[in-house]
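The file query-v4.txt comes next; it holds compact mmCIF, C-alpha atoms and all ligand atoms.
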```
# COMPACT_ATOMS: atom_id res chain seq x y z
CA MET A 1 -15.73 14.62 -35.79
CA ASN A 2 -12.32 13.06 -35.38
CA ILE A 3 -10.10 15.37 -33.35
CA GLY A 4 -7.43 12.81 -32.55
CA LYS A 5 -6.09 11.61 -29.25
CA GLU A 6 -6.52 13.37 -25.94
CA ARG A 7 -3.50 15.33 -24.80
CA ARG A 8 -4.29 17.19 -21.61
CA ILE A 9 -6.95 18.93 -19.58
CA ILE A 10 -6.99 22.70 -19.30
CA GLU A 11 -9.10 24.44 -16.68
CA VAL A 12 -9.89 27.84 -18.17
CA GLU A 13 -11.22 30.49 -15.82
CA PRO A 14 -11.43 33.65 -17.93
CA VAL A 15 -10.80 36.96 -16.19
CA THR A 16 -12.66 38.82 -18.92
CA SER A 17 -15.90 37.57 -20.44
CA PRO A 18 -15.59 35.57 -23.67
CA LEU A 19 -19.05 36.88 -24.51
CA PRO A 20 -19.40 40.02 -26.68
CA GLU A 21 -18.86 43.28 -24.76
CA VAL A 22 -22.50 44.25 -25.15
CA LEU A 23 -23.48 41.25 -23.04
CA PRO A 24 -23.00 41.03 -19.30
CA MET A 25 -20.37 38.73 -17.83
CA PRO A 26 -22.09 35.46 -16.97
CA VAL A 27 -22.29 34.91 -13.25
CA PRO A 28 -20.07 31.94 -12.43
CA GLU A 29 -22.23 29.14 -11.20
CA LYS A 30 -21.22 27.21 -8.18
CA GLU A 31 -20.36 23.81 -9.50
CA PRO A 32 -22.46 21.08 -7.96
CA GLU A 33 -20.58 18.31 -6.27
CA LEU A 34 -19.17 16.34 -9.16
CA GLU A 35 -18.51 12.98 -7.66
CA PRO A 36 -21.58 11.10 -6.56
CA ALA A 37 -21.57 10.99 -2.79
CA GLU A 38 -20.66 7.68 -1.26
CA PRO A 39 -23.60 5.98 0.39
CA GLY A 40 -23.71 7.05 3.99
CA SER A 41 -21.14 9.85 3.52
CA MET B 1 3.97 5.01 -26.94
CA GLU B 2 0.46 5.80 -25.82
CA ALA B 3 -0.03 9.47 -24.97
CA ARG B 4 -1.14 9.87 -21.40
CA LEU B 5 -3.02 12.68 -19.75
CA GLU B 6 -1.00 14.68 -17.29
CA THR B 7 -2.05 14.13 -13.73
CA GLY B 8 -3.02 17.71 -12.83
CA PRO B 9 -4.93 20.03 -15.16
CA LEU B 10 -3.24 23.08 -16.61
CA VAL B 11 -4.92 26.24 -15.33
CA SER B 12 -5.40 29.22 -17.63
CA THR B 13 -7.22 32.55 -17.64
CA GLU B 14 -7.24 32.81 -21.45
CA PRO B 15 -10.14 31.21 -23.33
CA VAL B 16 -9.00 28.74 -25.97
CA MET B 17 -9.74 29.99 -29.49
CA ALA B 18 -10.73 27.35 -32.02
CA TRP B 19 -12.77 26.69 -35.16
CA ARG B 20 -16.17 25.16 -35.53
CA ALA B 21 -18.95 24.50 -38.05
CA TRP B 22 -22.71 24.50 -37.47
CA MET B 23 -25.98 24.08 -39.24
CA LEU B 24 -28.61 26.82 -39.23
CA TRP B 25 -31.70 26.68 -37.06
CA TYR B 26 -34.61 28.71 -38.41
CA ARG B 27 -37.98 29.61 -36.92
CA ARG B 28 -39.64 32.51 -38.66
CA ARG B 29 -41.70 33.55 -35.66
CA ALA B 30 -39.04 33.13 -32.96
CA ALA B 31 -37.56 36.14 -31.14
CA GLU B 32 -34.24 35.27 -32.78
CA PRO B 33 -35.29 33.54 -36.02
CA VAL B 34 -31.81 32.40 -37.08
CA LEU B 35 -29.55 30.50 -34.68
CA LEU B 36 -26.66 28.04 -34.73
CA ARG B 37 -27.31 24.37 -34.16
CA PRO B 38 -24.92 21.43 -33.89
CA ILE B 39 -24.40 19.31 -36.99
CA VAL B 40 -24.42 16.08 -35.04
CA GLY B 41 -26.11 15.18 -31.79
CA SER B 42 -28.55 17.66 -30.33
CA THR B 43 -30.94 19.54 -32.60
CA ARG B 44 -31.32 22.28 -30.00
CA PRO B 45 -29.83 25.64 -31.04
CA TRP B 46 -26.94 27.32 -29.24
CA PRO B 47 -28.48 29.97 -26.99
CA PRO B 48 -27.86 33.59 -27.98
CA ALA B 49 -26.31 35.88 -25.35
CA GLU B 50 -25.26 33.06 -23.08
CA PRO B 51 -22.62 30.35 -23.28
CA ALA B 52 -23.40 26.96 -24.77
CA ARG B 53 -22.76 24.36 -22.10
CA ALA B 54 -21.75 20.76 -22.59
CA THR B 55 -23.71 17.92 -21.11
CA CYS B 56 -23.06 14.22 -21.22
CA VAL B 57 -25.67 11.58 -21.86
CA ARG B 58 -24.49 10.30 -18.49
CA PRO B 59 -24.70 13.63 -16.63
CA LYS B 60 -25.10 12.02 -13.24
CA LEU B 61 -21.76 10.31 -13.58
CA HIS B 62 -19.51 13.14 -14.62
CA ARG B 63 -18.95 16.74 -15.52
CA ALA B 64 -18.62 17.22 -19.30
CA PRO B 65 -16.23 17.01 -20.98
CA PHE B 66 -14.77 13.98 -19.29
CA PRO B 67 -11.51 12.22 -20.23
CA HIS B 68 -12.01 9.21 -22.53
CA CYS B 69 -15.71 10.04 -23.02
CA THR B 70 -17.13 11.63 -26.18
CA CYS B 71 -18.94 14.45 -24.40
CA GLY B 72 -18.19 18.17 -24.69
CA LEU B 73 -18.55 20.95 -27.22
CA TYR B 74 -16.27 20.11 -30.14
CA ALA B 75 -13.98 22.51 -31.95
CA THR B 76 -10.91 22.14 -34.14
CA ARG B 77 -7.46 23.74 -34.16
CA SER B 78 -7.64 24.53 -37.86
CA GLU B 79 -10.28 25.66 -40.29
CA GLU B 80 -8.84 23.11 -42.73
CA LEU B 81 -10.10 20.17 -40.68
CA LEU B 82 -13.67 21.50 -40.80
CA ARG B 83 -13.79 21.00 -44.55
CA ARG B 84 -14.55 17.34 -43.93
CA THR B 85 -17.66 18.28 -41.94
CA ARG B 86 -20.93 17.03 -43.39
CA ASN B 87 -22.99 19.91 -44.84
CA PRO B 88 -21.91 22.88 -42.72
CA ALA B 89 -23.96 26.07 -43.13
CA VAL B 90 -21.88 28.32 -40.86
CA VAL B 91 -18.17 28.33 -40.06
CA GLY B 92 -16.50 30.47 -37.45
CA THR B 93 -14.27 30.90 -34.46
CA VAL B 94 -15.32 30.00 -30.94
CA ALA B 95 -14.00 30.77 -27.48
CA LEU B 96 -13.80 27.73 -25.22
CA TRP B 97 -13.55 27.74 -21.46
CA GLY B 98 -14.35 25.90 -18.27
CA ARG B 99 -12.91 22.43 -18.55
CA VAL B 100 -11.27 22.06 -21.95
CA ILE B 101 -9.82 18.75 -23.07
CA GLU B 102 -7.13 19.33 -25.64
CA HIS B 103 -6.84 16.71 -28.40
CA GLU B 104 -4.27 16.40 -31.17
CA LEU B 105 -6.52 18.15 -33.71
CA GLY B 106 -9.05 19.99 -31.57
CA TYR B 107 -10.84 20.34 -28.29
CA ARG B 108 -13.82 19.25 -26.24
CA ALA B 109 -15.02 22.08 -24.03
CA GLU B 110 -17.42 22.70 -21.20
CA TYR B 111 -18.45 26.23 -22.29
CA ALA B 112 -18.31 27.89 -25.68
CA TYR B 113 -19.41 31.09 -27.35
CA PRO B 114 -19.04 32.02 -31.03
CA GLN B 115 -16.63 34.87 -31.82
CA ARG B 116 -16.80 35.45 -35.59
CA LEU B 117 -19.16 33.74 -38.00
CA GLN B 118 -19.96 33.49 -41.68
CA LEU B 119 -22.37 31.55 -43.85
CA VAL B 120 -20.77 29.07 -46.22
CA CYS B 121 -21.88 27.28 -49.36
CA TYR B 122 -20.91 23.77 -48.22
CA LEU B 123 -19.80 22.73 -51.70
CA CYS B 124 -17.48 25.73 -52.09
CA PHE B 125 -16.24 25.40 -48.51
CA PHE B 126 -15.29 21.77 -49.08
CA THR B 127 -13.16 22.75 -52.07
CA TRP B 128 -11.81 26.21 -51.28
CA GLY B 129 -12.20 26.74 -47.54
CA VAL B 130 -13.71 29.60 -45.65
CA HIS B 131 -12.33 32.43 -47.81
CA GLY B 132 -13.47 30.81 -51.05
CA THR B 133 -17.18 30.73 -50.37
CA HIS B 134 -19.67 33.52 -51.09
CA PRO B 135 -23.24 32.26 -50.70
CA THR B 136 -25.92 34.56 -52.06
CA VAL B 137 -29.05 32.69 -51.00
CA ALA B 138 -30.14 30.45 -48.15
CA VAL B 139 -32.64 27.90 -49.40
CA GLN B 140 -35.13 26.24 -47.10
CA PRO B 141 -35.17 22.58 -48.13
CA ALA B 142 -37.31 21.60 -45.14
CA ARG B 143 -39.01 23.30 -42.22
CA GLY B 144 -36.52 24.76 -39.77
CA GLN B 145 -33.54 24.29 -42.08
CA LEU B 146 -31.53 26.75 -44.12
CA THR B 147 -28.81 25.83 -46.62
CA PRO B 148 -26.64 28.67 -47.91
CA LEU B 149 -25.60 28.30 -51.56
CA CYS B 150 -23.63 30.30 -54.11
CA PRO B 151 -25.32 31.01 -57.49
CA GLU B 152 -23.46 28.18 -59.24
CA HIS B 153 -24.34 25.56 -56.63
CA LEU B 154 -27.91 26.82 -56.34
CA ASP B 155 -28.22 26.10 -60.04
CA LEU B 156 -26.62 22.71 -59.71
CA SER B 157 -28.78 21.80 -56.69
CA ALA B 158 -31.96 22.75 -58.56
CA ARG B 159 -30.93 20.56 -61.50
CA TYR B 160 -30.41 17.61 -59.16
CA GLY B 161 -33.83 18.06 -57.62
CA PHE B 162 -32.76 19.60 -54.30
CA PRO B 163 -35.71 21.74 -53.10
CA THR B 164 -34.70 25.34 -53.83
CA GLN B 165 -38.11 27.01 -54.29
CA ARG B 166 -38.10 28.64 -50.88
CA TRP B 167 -35.14 30.89 -50.25
CA MET B 168 -33.94 34.09 -48.61
CA PRO B 169 -31.02 36.41 -49.37
CA ALA B 170 -27.91 35.04 -47.64
CA ASP B 171 -26.86 38.45 -46.30
CA GLU B 172 -30.21 38.80 -44.50
CA VAL B 173 -29.79 35.41 -42.85
CA GLU B 174 -26.18 36.18 -41.99
CA GLY B 175 -27.19 39.57 -40.57
CA ALA B 176 -29.86 37.97 -38.38
CA LEU B 177 -27.36 35.37 -37.15
CA LEU B 178 -24.70 37.96 -36.25
CA ALA B 179 -27.32 40.13 -34.54
CA ALA B 180 -28.61 37.20 -32.48
CA TYR B 181 -25.18 36.40 -31.03
CA ARG B 182 -23.88 40.03 -31.16
CA VAL B 183 -20.78 38.93 -33.02
CA ASP B 184 -18.87 40.10 -36.09
CA LEU B 185 -18.54 38.67 -39.54
CA LEU B 186 -15.55 36.38 -40.09
CA ARG B 187 -15.20 37.27 -43.77
CA ARG B 188 -12.91 40.23 -44.43
ZN ZN A 201 -19.29 12.05 -20.94
ZN ZN A 202 -20.84 27.10 -53.93
```
What's the structure tokens form of this structure?
Amino acid sequence: MNIGKERRIIEVEPVTSPLPEVLPMPVPEKEPELEPAEPGS
Amino acid sequence: MEARLETGPLVSTEPVMAWRAWMLWYRRRAAEPVLLRPIVGSTRPWPPAEPARATCVRPKLHRAPFPHCTCGLYATRSEELLRRTRNPAVVGTVALWGRVIEHELGYRAEYAYPQRLQLVCYLCFFTWGVHGTHPTVAVQPARGQLTPLCPEHLDLSARYGFPTQRWMPADEVEGALLAAYRVDLLRR
């Protein structure tokens, strides 16, 4: 799907769950380290 | 001039609301027999009761979605743009969160969950949009697939040799879909 050019990055951290009310709020996962570690670091 | 990404990401506490189309995933004996599945890429259904999460084919290299990659869960700003989608069975609104990359016409997101859904006859949807489609049956052209059609396009499909022998009432399929994700109908 063509959605055009990239404009910006938004980091969305919802305060209320975007899931239906009947479902529990998902437990935020701890993000794993994103950048591969440098050898020897 | 070439649009450039801002250096720091914008931070928000409000999920981004957008539009999206899916195909239907169907397994008669599954706990949730009717689910959403992407139209392109993965054939795995979106999980009910938990967010869909983006992955990249290069997951070791970056978190999805990543700038200038194609990864992420796609959604559009307008319903209009979805009309060009190839054979959609379901159209609806989705909440997007986590890392969301905003594009001119849509988004690529890290997490998504459907908000409101409805079955569409893809031929009617292409011409009239989401409020101009009222499918009455969902035919099963092949195992695991369901194609919602209105009476007129069911007729037409049958005449062109599209397999229409196996079918279910569209409202039953739609009901099962809404129940699986605990969401409301988009159609008013
Ligand atoms: Zn990627
Ligand atoms: Zn139709």
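Considering the residues B:Pro169, B:Gly144, B:Pro135, B:Gly161 and counting only C-alpha atoms and all ligand atoms, ligand ZN 202 (chain A) has its shortest atom-to-atom contact with B:Pro135.
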Counting only C-alpha atoms, which residues from chain A have an atom at most 7 Å from any atom of chain B, and could you show them as number ranges by chain? A: 3-15, 18-20, 23, 34
Taking all atoms listed in the file into account, which residues are within 8 Å of ligand ZN 202 (chain A), as a ChimeraX atom specification? /B:120-125,133-135,149-154
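Between CA of Tyr26 in chain B and CA of Thr147 in chain B the interatomic distance comes to 10.5 Å.
The residue that comes closest to Ala176 in chain B, out of B:Leu117, B:Leu73, B:Val57, B:Ala52 and on the basis of all atoms listed in the file, is B:Leu117.
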Please compute the CA of Arg20 in chain B-CA of Arg83 in chain B distance, one decimal, in Å. 10.2 Å
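Counting only C-alpha atoms and all ligand atoms and comparing B:Ala179, B:Leu186, B:Leu119, B:Ala54, the residue that lies closest to ligand ZN 201 (chain A) is B:Ala54.
Atom pair CA of Glu32 in chain B / CA of Asp155 in chain B: separated by 29.4 Å.
For the choices B:Ala138, B:Val130, B:Arg37, B:Cys71, the atom-to-atom distance to ligand ZN 201 (chain A) is smallest for B:Cys71 when using only C-alpha atoms and all ligand atoms.
Among the candidate residues B:Met23, B:Val90, B:Leu156, B:Ala30, the one lying nearest to Glu174 in chain B is B:Val90, with distances computed using all atoms listed in the file.
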